[in-house]
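One structure is given below, encoded as structure tokens.
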Amino acid sequence: MVLTRTLIASFIIAGCAALWWLAGLYLYLSPNLPDADTLRDVKLQTPMKVMSSDGQLIGQFGEQKRTPLQFEQIPKGFINALLAAEDDQFFEHGGVDVLGLARAVSELIATGQKRSGGSTLTMQVARNYALSLEQTFLRKFNEILLALEVERVLTKAEIFELYVNRIFLGHRSYGFEAAAQTYYGKPLSELSLHQHAMLAGIPKAPSRNNPLSNPERAKIRRDWILGRMASLEMIDENTRDASRSEPVVAAYSGLRVEVEADYVAEIVRKEMLDRFGNGAYNDGYVVYTTVDGKAQLAARQALVNGLRTYDKRHGWRGPERQLPPLEGESQLELEERWQQALDEMPIIVDLTPAIVTTIDATGATILSKSGDRHRLSWQGDLDSIRRYRTENLTSPAPSSIEDLLAVGDLIRIEFDSEKQISSLAQIPRAQAALVALNPNDGAIRALVGGMGFELSKFNRATQARRQPGSNFKAFLYAAALEHGITPATLINDAPIVLDNLSSDEIWRPENDSGRFYGPTRLRNALTYSRNLVSIRVLQRLGLNRFIDYVENLGFDTEGMARNLTLALGTHAYTPLDIAAGYAIVANGGFRVEPYLIARIEDATGKVIYRADPWVVCSICGEESPEKEEALRMEDILQPVAEDIRKAPQVMDPRASYLMSSMLRDVIKRGTGRRARVLERNDIAGKTGTTNGPRDAWFSGFNPDLVTTSWVGFDDYSLLGKREFGGTAALPIWIDFMREVLPKEQSLPDMPSGVVRLRIDRKTGRRVTGTPEGSAYEYFFEEFLPAQKSDGDAPVGTDELDGLF
């Protein structure tokens, strides 16, 4: 009896001590617990998506892929599968499963190992949202206390929602909706029961239990969960057995980039980081750009094809590396070393790395990155290859395969559309850029900043400031038209010597052909890009007048050298700058500002930013039934039509009209005549080639689209003496515009103040009737040419005195 009383007293004392100790622990820990009520405001980390204007994925920034669900959106079958896997008493307990904890503790004491966790869904939510993951007793006690507080503050539905949206489920997926998309390519609501059970089994070991990393282990876990569901009478045995018999069909279905536009995505990333800080990566922003998916794909392909065509003209430079057999190395060791080298080499613009394993008189056997072996034949594949010597010279055709290849050479190969080896290839050293704008508002429709983002992050479309050469003459000639020089004005294309430059050297400029053509009408001077005429036009116009004019067009003139070399485009600009300038010519003389981001949505889909660009609109202030249609511009988002910002007129519309006419002649019969292959009458443009040549340009447009392409070397190496804007840059422009130009339009109406007259082709003077040697020309009404008389002598230098 005494012993019994002693034991009872001991138990009471121990119980009181335990309660006292727990109370003290609670008083010590509770002030440091996070406020459970803040879980209502937890912001789920969701990556930023960058989209094209037509809703295709361009890029994603942020590590975590998450798609939040509301409780009512969660399928009942999945709820049951998760409860069976993790906490079947979730809707009954108060946040802590006492029996489950006791069982876990007893197993730990008995075996020394942790077998069942005893954590409820509520405790897991508390841990994931507000506590560390360290395995300590204090952390576990904190977890229990916070779970009780969570149950007091939040509803069961809210707690379940937080768990479903927060948990990590492998392959960078957070939350079950994101995991459903990653593993099955479908929303959670469209999955079958066995797939629900598969996903419900992942949280226990996300890196090991997911169906991609370990399908066998994931299936075992899935089948166990289905058995638990049957034992809990959530499903019947037939359903359990049928679901267990389903194969594991998971395959990576995460978000895939649909439009390759890395340079575009990087511009957006930097701008979003400037706007929102690091929250740009995790707050679920969706950025819709102005880029058109089809146009962007066409731009990238055109640029890659153009560079590879240029590169082939200049010869093969040899293997990227040489990995010959080493002395004493076995064949197995050699091939392992080769395969390791190939594994480290990226595939760049579809050019696959490969190593030459054997050569003989008929060809070479090569080992590709995939581990497959292919054959390059001597006849047809290799016998026509020319080796690069200089930018102007290639070697004769090789006499044997040893002149080209050796065992161990690491090379590049390309495959045709049927995945058959096509030819020996190499990554071009030259670089290029292309940018296309909507001339009516400056929206960037396509932008490629180089051969490949994996090769170089430097965006040549927006960052490379290069001399535009004759590509800049369009703006000089527009200024001349507004100051009295007409398309029919005769300018002497003759040698000129200048010594008024900043350096002490005398400058003797020449035409690209090295020839001089004498008296030349301004239209023809632009059509054939006559340098001497351009210099004399700038002399007459005046440097200050020209610099002020291009500054008003939007060009940065800071640091511009005040000398006559400006006539030949020696001040450096980016391709985007040049395209924006040509947009003014294309749209009737209005200045627009290029922009890339059309709108930004937050994680809830709310639009938090819309672009508000300058828009070309001649009737914005009018009220008429046609106004709404006139203001509607594809993919351009405005708050309301009345709030549209009207673009400022910076070029006389008559100058724009005359320049467009002259630039169409560049394509019809001048330096841009390769573009006649497009068989269109509504395109205009201008080539550009700088001294060396080091830069090749083409800028061209129709009323819907302005595109500038540039080709050159990053280190300013020479392109080759036979390379010009019309040979290196124009083919890229043609390939792009062929794919994206809409149906041909009629030419713009002639603006008021323009007069169309017949002139004599030789003198540029006005004629009556339709005499032989005459042609129509356009003039400002205040700058009409003199009438040609029958006694006029052939034009000589005396007639050019006032025109230099």
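Scheme for the structure tokens: letters A, B, ... for chains in order shown; per-chain residue numbers from 1; ligand numbers from 1 in order shown.
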
Mind checking DSSP for stretch 464-615 of chain A and telling me the alpha helix (DSSP H) residues as number ranges by chain?
-> A: 473-482, 522-527, 531-541, 543-553, 575-586

Determine which residues of stretch 579-758 of chain A receive a DSSP assignment of strand (DSSP E), computed from the backbone, and state them as an MDAnalysis selection string.
-> chainID A and resid 597:601 607:610 614:615 645:646 684:689 695:702 705:712 754:758

The selected residues should be written to file as a short mmCIF file (atom, residue, chain, number, x, y, z; two decimals), in the first residue's frame (atoms: N, CA and C atoms).
data_model
loop_
_atom_site.label_atom_id
_atom_site.label_comp_id
_atom_site.auth_asym_id
_atom_site.auth_seq_id
_atom_site.Cartn_x
_atom_site.Cartn_y
_atom_site.Cartn_z
N ILE A 597 8.55 46.30 -73.98
CA ILE A 597 7.57 45.76 -73.04
C ILE A 597 6.21 46.39 -73.31
N ALA A 598 5.25 45.55 -73.68
CA ALA A 598 3.90 46.04 -73.96
C ALA A 598 3.08 46.15 -72.67
N ARG A 599 3.15 45.12 -71.82
CA ARG A 599 2.44 45.19 -70.55
C ARG A 599 3.07 44.21 -69.56
N ILE A 600 2.81 44.47 -68.28
CA ILE A 600 3.28 43.60 -67.20
C ILE A 600 2.08 43.23 -66.35
N GLU A 601 1.94 41.94 -66.08
CA GLU A 601 0.89 41.46 -65.20
C GLU A 601 1.52 40.92 -63.93
N VAL A 607 -3.08 43.77 -64.61
CA VAL A 607 -2.13 44.57 -65.40
C VAL A 607 -1.63 45.72 -64.54
N ILE A 608 -0.33 45.75 -64.31
CA ILE A 608 0.25 46.80 -63.48
C ILE A 608 1.05 47.80 -64.30
N TYR A 609 1.24 47.51 -65.58
CA TYR A 609 1.94 48.45 -66.46
C TYR A 609 1.48 48.21 -67.88
N ARG A 610 1.25 49.31 -68.60
CA ARG A 610 1.00 49.26 -70.04
C ARG A 610 1.91 50.27 -70.72
N TRP A 614 4.67 56.82 -78.23
CA TRP A 614 4.25 57.77 -79.26
C TRP A 614 3.68 56.98 -80.43
N VAL A 615 2.55 57.43 -80.92
CA VAL A 615 1.88 56.71 -82.01
C VAL A 615 1.65 57.65 -83.17
N ARG A 645 -0.67 59.04 -77.16
CA ARG A 645 0.28 60.14 -77.32
C ARG A 645 0.64 60.24 -78.79
N LYS A 646 0.33 61.33 -79.40
CA LYS A 646 0.59 61.52 -80.81
C LYS A 646 2.07 61.80 -81.02
N ALA A 684 11.68 49.72 -99.68
CA ALA A 684 12.71 50.72 -99.92
C ALA A 684 13.84 50.46 -98.93
N GLY A 685 15.05 50.93 -99.25
CA GLY A 685 16.13 50.70 -98.31
C GLY A 685 17.45 51.25 -98.80
N LYS A 686 18.46 51.07 -97.94
CA LYS A 686 19.79 51.61 -98.25
C LYS A 686 20.87 50.71 -97.66
N THR A 687 21.87 50.46 -98.48
CA THR A 687 23.04 49.72 -98.03
C THR A 687 23.97 50.63 -97.25
N GLY A 688 24.92 50.03 -96.57
CA GLY A 688 25.96 50.79 -95.87
C GLY A 688 27.20 49.94 -95.73
N THR A 689 28.37 50.51 -96.07
CA THR A 689 29.64 49.80 -95.94
C THR A 689 30.66 50.80 -95.42
N ASP A 695 32.26 47.13 -91.51
CA ASP A 695 30.83 47.02 -91.16
C ASP A 695 30.02 46.96 -92.45
N ALA A 696 29.03 46.07 -92.45
CA ALA A 696 28.10 45.98 -93.57
C ALA A 696 26.69 46.14 -93.02
N TRP A 697 25.91 47.02 -93.69
CA TRP A 697 24.57 47.35 -93.19
C TRP A 697 23.54 47.26 -94.32
N PHE A 698 22.31 47.00 -93.92
CA PHE A 698 21.17 47.30 -94.78
C PHE A 698 19.99 47.66 -93.90
N SER A 699 19.39 48.79 -94.22
CA SER A 699 18.16 49.22 -93.56
C SER A 699 17.09 49.40 -94.62
N GLY A 700 15.93 48.83 -94.39
CA GLY A 700 14.86 48.93 -95.37
C GLY A 700 13.50 48.81 -94.72
N PHE A 701 12.47 49.12 -95.48
CA PHE A 701 11.14 49.20 -94.89
C PHE A 701 10.06 49.11 -95.95
N ASN A 702 8.86 48.85 -95.45
CA ASN A 702 7.63 49.17 -96.17
C ASN A 702 6.74 49.86 -95.14
N LEU A 705 6.72 47.75 -91.64
CA LEU A 705 7.86 47.20 -90.92
C LEU A 705 9.15 47.86 -91.37
N VAL A 706 9.99 48.18 -90.39
CA VAL A 706 11.34 48.71 -90.65
C VAL A 706 12.34 47.71 -90.08
N THR A 707 13.34 47.35 -90.86
CA THR A 707 14.32 46.37 -90.40
C THR A 707 15.73 46.83 -90.75
N THR A 708 16.62 46.72 -89.78
CA THR A 708 18.03 47.01 -89.97
C THR A 708 18.84 45.76 -89.66
N SER A 709 19.76 45.41 -90.55
CA SER A 709 20.68 44.30 -90.31
C SER A 709 22.10 44.81 -90.40
N TRP A 710 22.97 44.25 -89.58
CA TRP A 710 24.38 44.63 -89.53
C TRP A 710 25.24 43.38 -89.45
N VAL A 711 26.39 43.40 -90.11
CA VAL A 711 27.36 42.31 -90.04
C VAL A 711 28.75 42.92 -89.82
N GLY A 712 29.52 42.30 -88.96
CA GLY A 712 30.88 42.76 -88.70
C GLY A 712 31.56 41.87 -87.68
N VAL A 754 3.73 68.66 -102.75
CA VAL A 754 4.66 67.94 -103.62
C VAL A 754 4.15 68.04 -105.04
N VAL A 755 5.06 68.30 -105.96
CA VAL A 755 4.71 68.44 -107.37
C VAL A 755 5.47 67.38 -108.17
N ARG A 756 4.78 66.75 -109.12
CA ARG A 756 5.40 65.73 -109.96
C ARG A 756 5.56 66.32 -111.36
N LEU A 757 6.82 66.37 -111.81
CA LEU A 757 7.12 67.00 -113.10
C LEU A 757 8.05 66.11 -113.91
N ARG A 758 8.06 66.35 -115.24
CA ARG A 758 9.03 65.68 -116.10
C ARG A 758 10.30 66.50 -116.16
#

Give me the stretch 245-293 of chain A side of the contact with stretch 46-62 of chain A, cut-off 8 Å, one line per residue showing its nearest atom pair and distance in Å at one decimal, counting only C-alpha atoms, sorted by chain and residue number, as CSV.
residue,atom,partner,partner_atom,distance
A:Arg256,CA,A:Leu57,CA,7.3
A:Val257,CA,A:Leu57,CA,5.3
A:Glu258,CA,A:Leu57,CA,5.2
A:Val259,CA,A:Ile58,CA,5.1
A:Glu260,CA,A:Ile58,CA,6.3
A:Ala261,CA,A:Ile58,CA,5.9
A:Asp262,CA,A:Gly59,CA,7.3
A:Ala265,CA,A:Gly59,CA,5.8
A:Val268,CA,A:Val50,CA,7.5
A:Arg269,CA,A:Phe61,CA,7.6
A:Ala280,CA,A:Met48,CA,6.5
A:Tyr281,CA,A:Gly62,CA,4.6
A:Asn282,CA,A:Thr46,CA,4.7
A:Asp283,CA,A:Thr46,CA,5.4
A:Gly284,CA,A:Thr46,CA,4.3
A:Tyr285,CA,A:Met48,CA,4.8
A:Val286,CA,A:Lys49,CA,4.8
A:Val287,CA,A:Val50,CA,4.8
A:Tyr288,CA,A:Met51,CA,4.8
A:Thr289,CA,A:Ser52,CA,5.2
A:Thr290,CA,A:Ser53,CA,5.1
A:Val291,CA,A:Ser52,CA,5.2
A:Asp292,CA,A:Ser53,CA,5.5
A:Gly293,CA,A:Ser52,CA,5.8

Generate a file of the selected residues that holds N, CA, C and O atoms, formatted as an mmCIF file, in the first residue's frame.
data_model
loop_
_atom_site.group_PDB
_atom_site.id
_atom_site.type_symbol
_atom_site.label_atom_id
_atom_site.label_comp_id
_atom_site.auth_asym_id
_atom_site.auth_seq_id
_atom_site.Cartn_x
_atom_site.Cartn_y
_atom_site.Cartn_z
ATOM 1 N N ARG A 256 8.680 24.958 -71.693
ATOM 2 C CA ARG A 256 9.737 24.958 -72.684
ATOM 3 C C ARG A 256 9.671 26.265 -73.475
ATOM 4 O O ARG A 256 8.587 26.726 -73.818
ATOM 5 N N VAL A 257 10.823 26.799 -73.734
ATOM 6 C CA VAL A 257 10.883 28.032 -74.513
ATOM 7 C C VAL A 257 10.338 27.756 -75.908
ATOM 8 O O VAL A 257 10.776 26.824 -76.588
ATOM 9 N N GLU A 258 9.362 28.555 -76.321
ATOM 10 C CA GLU A 258 8.730 28.368 -77.625
ATOM 11 C C GLU A 258 9.333 29.259 -78.693
ATOM 12 O O GLU A 258 9.260 28.951 -79.878
ATOM 13 N N VAL A 259 9.892 30.382 -78.264
ATOM 14 C CA VAL A 259 10.518 31.326 -79.199
ATOM 15 C C VAL A 259 11.917 31.630 -78.687
ATOM 16 O O VAL A 259 12.080 32.123 -77.575
ATOM 17 N N GLU A 260 12.933 31.302 -79.485
ATOM 18 C CA GLU A 260 14.304 31.565 -79.072
ATOM 19 C C GLU A 260 14.606 33.045 -79.247
ATOM 20 O O GLU A 260 14.768 33.525 -80.365
ATOM 21 N N ALA A 261 14.652 33.721 -78.117
ATOM 22 C CA ALA A 261 14.880 35.173 -78.132
ATOM 23 C C ALA A 261 15.634 35.550 -76.869
ATOM 24 O O ALA A 261 15.167 36.339 -76.047
ATOM 25 N N ASP A 262 16.815 34.966 -76.682
ATOM 26 C CA ASP A 262 17.575 35.177 -75.458
ATOM 27 C C ASP A 262 17.963 36.634 -75.257
ATOM 28 O O ASP A 262 17.982 37.122 -74.126
ATOM 29 N N ALA A 265 14.913 38.396 -73.991
ATOM 30 C CA ALA A 265 14.647 38.027 -72.601
ATOM 31 C C ALA A 265 15.610 38.732 -71.654
ATOM 32 O O ALA A 265 15.218 39.156 -70.554
ATOM 33 N N VAL A 268 14.587 42.343 -71.082
ATOM 34 C CA VAL A 268 13.440 42.386 -70.166
ATOM 35 C C VAL A 268 13.902 42.111 -68.740
ATOM 36 O O VAL A 268 13.481 42.783 -67.795
ATOM 37 N N ARG A 269 14.756 41.112 -68.566
ATOM 38 C CA ARG A 269 15.232 40.777 -67.213
ATOM 39 C C ARG A 269 15.879 41.987 -66.541
ATOM 40 O O ARG A 269 15.591 42.301 -65.382
ATOM 41 N N ALA A 280 11.543 40.744 -58.839
ATOM 42 C CA ALA A 280 11.223 40.439 -60.239
ATOM 43 C C ALA A 280 11.325 38.948 -60.510
ATOM 44 O O ALA A 280 10.603 38.417 -61.358
ATOM 45 N N TYR A 281 12.208 38.251 -59.775
ATOM 46 C CA TYR A 281 12.425 36.837 -60.027
ATOM 47 C C TYR A 281 11.405 35.926 -59.356
ATOM 48 O O TYR A 281 11.237 34.784 -59.763
ATOM 49 N N ASN A 282 10.750 36.397 -58.319
ATOM 50 C CA ASN A 282 9.952 35.492 -57.483
ATOM 51 C C ASN A 282 8.496 35.888 -57.305
ATOM 52 O O ASN A 282 7.734 35.137 -56.688
ATOM 53 N N ASP A 283 8.104 37.051 -57.804
ATOM 54 C CA ASP A 283 6.763 37.556 -57.512
ATOM 55 C C ASP A 283 5.744 37.236 -58.590
ATOM 56 O O ASP A 283 4.640 37.782 -58.597
ATOM 57 N N GLY A 284 6.099 36.379 -59.535
ATOM 58 C CA GLY A 284 5.118 35.878 -60.489
ATOM 59 C C GLY A 284 4.736 36.829 -61.602
ATOM 60 O O GLY A 284 3.659 36.693 -62.190
ATOM 61 N N TYR A 285 5.603 37.781 -61.910
ATOM 62 C CA TYR A 285 5.279 38.715 -62.987
ATOM 63 C C TYR A 285 5.265 37.997 -64.336
ATOM 64 O O TYR A 285 6.063 37.095 -64.593
ATOM 65 N N VAL A 286 4.363 38.407 -65.188
ATOM 66 C CA VAL A 286 4.315 37.933 -66.569
ATOM 67 C C VAL A 286 4.483 39.157 -67.458
ATOM 68 O O VAL A 286 3.674 40.093 -67.393
ATOM 69 N N VAL A 287 5.543 39.164 -68.243
ATOM 70 C CA VAL A 287 5.875 40.319 -69.079
ATOM 71 C C VAL A 287 5.550 39.987 -70.530
ATOM 72 O O VAL A 287 6.120 39.046 -71.099
ATOM 73 N N TYR A 288 4.644 40.739 -71.105
ATOM 74 C CA TYR A 288 4.305 40.564 -72.520
ATOM 75 C C TYR A 288 5.082 41.587 -73.326
ATOM 76 O O TYR A 288 4.951 42.792 -73.124
ATOM 77 N N THR A 289 5.906 41.081 -74.230
ATOM 78 C CA THR A 289 6.712 41.960 -75.062
ATOM 79 C C THR A 289 5.973 42.279 -76.363
ATOM 80 O O THR A 289 4.920 41.716 -76.650
ATOM 81 N N THR A 290 6.551 43.171 -77.133
ATOM 82 C CA THR A 290 6.000 43.517 -78.444
ATOM 83 C C THR A 290 6.482 42.566 -79.535
ATOM 84 O O THR A 290 6.052 42.679 -80.690
ATOM 85 N N VAL A 291 7.366 41.649 -79.166
ATOM 86 C CA VAL A 291 7.979 40.749 -80.150
ATOM 87 C C VAL A 291 6.948 39.770 -80.698
ATOM 88 O O VAL A 291 6.202 39.141 -79.941
ATOM 89 N N ASP A 292 6.906 39.647 -82.002
ATOM 90 C CA ASP A 292 6.038 38.675 -82.666
ATOM 91 C C ASP A 292 6.788 37.351 -82.787
ATOM 92 O O ASP A 292 7.926 37.316 -83.272
ATOM 93 N N GLY A 293 6.170 36.256 -82.334
ATOM 94 C CA GLY A 293 6.849 34.965 -82.315
ATOM 95 C C GLY A 293 7.353 34.535 -83.670
ATOM 96 O O GLY A 293 8.511 34.119 -83.826
#

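Distance check against A:Met750 using only C-alpha atoms: of A:Arg654, A:Arg152, A:Arg680, A:Arg521, the minimum falls on A:Arg654.
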
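Residues in contact with stretch 409-416 of chain A at up to 6 Å, not including ones fewer than 5 positions away on its chain and judged by only C-alpha atoms, are Pro319, Glu320, Arg321, Gln322, Leu351, Thr352, Pro353, Ala354, Ile355, Val356, Ile421, Ser422, Ser423, Leu424, Ala425 and Gln426 of chain A.
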
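Residue nearest A:Arg300, chosen from A:Glu391, A:Ala432, A:Val550, A:Arg466 and counting only C-alpha atoms: A:Ala432.
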
Within 10 Å of A:Ser395 using only C-alpha atoms, minus same-chain residues under 6 positions, as a list of chain:residue names = A:His314, A:Gly315, A:Trp316, A:Ile385, A:Arg386, A:Arg387, A:Tyr388, A:Arg389

All residues 12 Å or closer to stretch 780-783 of chain A, only C-alpha atoms, same chain fewer than 3 positions away omitted, as a PyMOL selection string = chain A and resi 480-489+652-658+750-757+765-766+777+786

Selection near stretch 441-456 of chain A, 7 Å with only C-alpha atoms, sequence-local residues under 2 positions removed, as JSON, numbers by chain = {"A": [262, 263, 264, 290, 291, 292, 295, 296, 299, 300, 304, 349, 431, 432, 433, 434, 435, 436, 437, 438, 439, 458, 459, 460, 461, 592, 593, 594, 595, 596, 613, 614, 615, 616]}

I need the residues from that last selection saved to file as a short mmCIF file (atom, residue, chain, number, x, y, z; two decimals), in the first residue's frame (with N, CA, C and O atoms), if you can.
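The resulting selection_32.cif:
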data_model
loop_
_atom_site.label_atom_id
_atom_site.label_comp_id
_atom_site.auth_asym_id
_atom_site.auth_seq_id
_atom_site.Cartn_x
_atom_site.Cartn_y
_atom_site.Cartn_z
N ASP A 262 16.81 34.97 -76.68
CA ASP A 262 17.57 35.18 -75.46
C ASP A 262 17.96 36.63 -75.26
O ASP A 262 17.98 37.12 -74.13
N TYR A 263 18.30 37.31 -76.34
CA TYR A 263 18.69 38.72 -76.20
C TYR A 263 17.49 39.57 -75.78
O TYR A 263 17.63 40.51 -74.99
N VAL A 264 16.32 39.25 -76.28
CA VAL A 264 15.10 39.94 -75.86
C VAL A 264 14.84 39.67 -74.39
O VAL A 264 14.54 40.58 -73.60
N THR A 290 6.55 43.17 -77.13
CA THR A 290 6.00 43.52 -78.44
C THR A 290 6.48 42.57 -79.53
O THR A 290 6.05 42.68 -80.69
N VAL A 291 7.37 41.65 -79.17
CA VAL A 291 7.98 40.75 -80.15
C VAL A 291 6.95 39.77 -80.70
O VAL A 291 6.20 39.14 -79.94
N ASP A 292 6.91 39.65 -82.00
CA ASP A 292 6.04 38.68 -82.67
C ASP A 292 6.79 37.35 -82.79
O ASP A 292 7.93 37.32 -83.27
N ALA A 295 7.96 36.38 -86.34
CA ALA A 295 9.00 37.29 -86.81
C ALA A 295 10.33 37.02 -86.10
O ALA A 295 11.40 37.05 -86.72
N GLN A 296 10.27 36.73 -84.79
CA GLN A 296 11.50 36.48 -84.05
C GLN A 296 12.19 35.21 -84.54
O GLN A 296 13.42 35.19 -84.72
N ALA A 299 13.77 35.99 -87.82
CA ALA A 299 14.95 36.85 -87.67
C ALA A 299 16.17 36.04 -87.27
O ALA A 299 17.26 36.20 -87.83
N ARG A 300 15.99 35.16 -86.30
CA ARG A 300 17.12 34.35 -85.85
C ARG A 300 17.63 33.45 -86.97
O ARG A 300 18.84 33.34 -87.20
N VAL A 304 21.39 33.62 -88.69
CA VAL A 304 22.29 32.46 -88.67
C VAL A 304 22.66 32.04 -90.09
O VAL A 304 23.83 31.80 -90.40
N VAL A 349 23.93 26.85 -82.43
CA VAL A 349 23.13 27.06 -83.64
C VAL A 349 23.07 25.81 -84.50
O VAL A 349 23.33 25.85 -85.71
N GLN A 431 30.03 38.40 -86.60
CA GLN A 431 28.80 38.55 -85.84
C GLN A 431 27.80 39.38 -86.64
O GLN A 431 28.14 39.97 -87.66
N ALA A 432 26.57 39.40 -86.17
CA ALA A 432 25.52 40.15 -86.86
C ALA A 432 24.45 40.55 -85.87
O ALA A 432 24.40 40.04 -84.74
N ALA A 433 23.60 41.45 -86.29
CA ALA A 433 22.46 41.86 -85.49
C ALA A 433 21.32 42.21 -86.43
O ALA A 433 21.54 42.60 -87.59
N LEU A 434 20.11 42.05 -85.94
CA LEU A 434 18.92 42.42 -86.70
C LEU A 434 17.88 42.96 -85.74
O LEU A 434 17.66 42.38 -84.66
N VAL A 435 17.25 44.05 -86.11
CA VAL A 435 16.16 44.59 -85.32
C VAL A 435 15.08 45.08 -86.27
O VAL A 435 15.36 45.69 -87.30
N ALA A 436 13.82 44.75 -85.94
CA ALA A 436 12.68 45.14 -86.77
C ALA A 436 11.68 45.88 -85.89
O ALA A 436 11.37 45.45 -84.77
N LEU A 437 11.15 46.99 -86.42
CA LEU A 437 10.22 47.85 -85.68
C LEU A 437 8.93 48.04 -86.45
O LEU A 437 8.91 48.03 -87.68
N ASN A 438 7.87 48.26 -85.70
CA ASN A 438 6.64 48.81 -86.28
C ASN A 438 6.87 50.31 -86.43
O ASN A 438 7.03 51.01 -85.42
N PRO A 439 6.90 50.85 -87.64
CA PRO A 439 7.23 52.27 -87.80
C PRO A 439 6.16 53.21 -87.26
O PRO A 439 6.42 54.40 -87.10
N PHE A 458 26.77 39.77 -75.23
CA PHE A 458 26.79 41.14 -75.74
C PHE A 458 25.73 41.30 -76.83
O PHE A 458 25.73 40.58 -77.82
N ASN A 459 24.83 42.25 -76.62
CA ASN A 459 23.70 42.46 -77.54
C ASN A 459 24.09 43.52 -78.57
O ASN A 459 24.04 44.71 -78.30
N ARG A 460 24.44 43.06 -79.75
CA ARG A 460 24.91 43.98 -80.78
C ARG A 460 23.79 44.85 -81.35
O ARG A 460 24.07 45.89 -81.95
N ALA A 461 22.57 44.44 -81.20
CA ALA A 461 21.45 45.25 -81.70
C ALA A 461 21.26 46.51 -80.88
O ALA A 461 20.85 47.55 -81.41
N VAL A 592 9.25 58.13 -83.47
CA VAL A 592 8.75 57.14 -82.51
C VAL A 592 9.91 56.64 -81.68
O VAL A 592 11.07 56.72 -82.10
N GLU A 593 9.60 56.13 -80.51
CA GLU A 593 10.64 55.63 -79.61
C GLU A 593 10.52 54.11 -79.52
O GLU A 593 9.47 53.60 -79.13
N PRO A 594 11.55 53.37 -79.88
CA PRO A 594 11.47 51.91 -79.79
C PRO A 594 11.17 51.46 -78.36
O PRO A 594 11.72 52.00 -77.40
N TYR A 595 10.30 50.49 -78.23
CA TYR A 595 10.01 49.92 -76.91
C TYR A 595 9.75 48.43 -77.06
O TYR A 595 9.36 47.95 -78.12
N LEU A 596 9.96 47.70 -75.97
CA LEU A 596 9.92 46.24 -76.01
C LEU A 596 8.82 45.66 -75.12
O LEU A 596 8.23 44.64 -75.43
N PRO A 613 3.35 54.39 -75.83
CA PRO A 613 4.31 54.91 -76.81
C PRO A 613 3.76 56.09 -77.60
O PRO A 613 2.55 56.32 -77.64
N TRP A 614 4.67 56.82 -78.23
CA TRP A 614 4.25 57.77 -79.26
C TRP A 614 3.68 56.98 -80.43
O TRP A 614 4.27 55.97 -80.87
N VAL A 615 2.55 57.43 -80.92
CA VAL A 615 1.88 56.71 -82.01
C VAL A 615 1.65 57.65 -83.17
O VAL A 615 1.22 58.80 -82.99
N VAL A 616 1.96 57.17 -84.37
CA VAL A 616 1.71 57.95 -85.58
C VAL A 616 0.21 57.89 -85.87
O VAL A 616 -0.34 56.83 -86.12
#

Extract, using only C-alpha atoms, all DNA, RNA and protein residues at most 12 Å from A:Glu246, discarding same-chain residues fewer than 2 positions from it, and format them as a PyMOL selection string.
-> chain A and resi 192-195+197-198+219+222-223+226+239-244+248-250

One decimal, Å: what's the distance from atom CA of A:Val666 over to atom CA of A:Asn471, could you say?
-> 11.6 Å
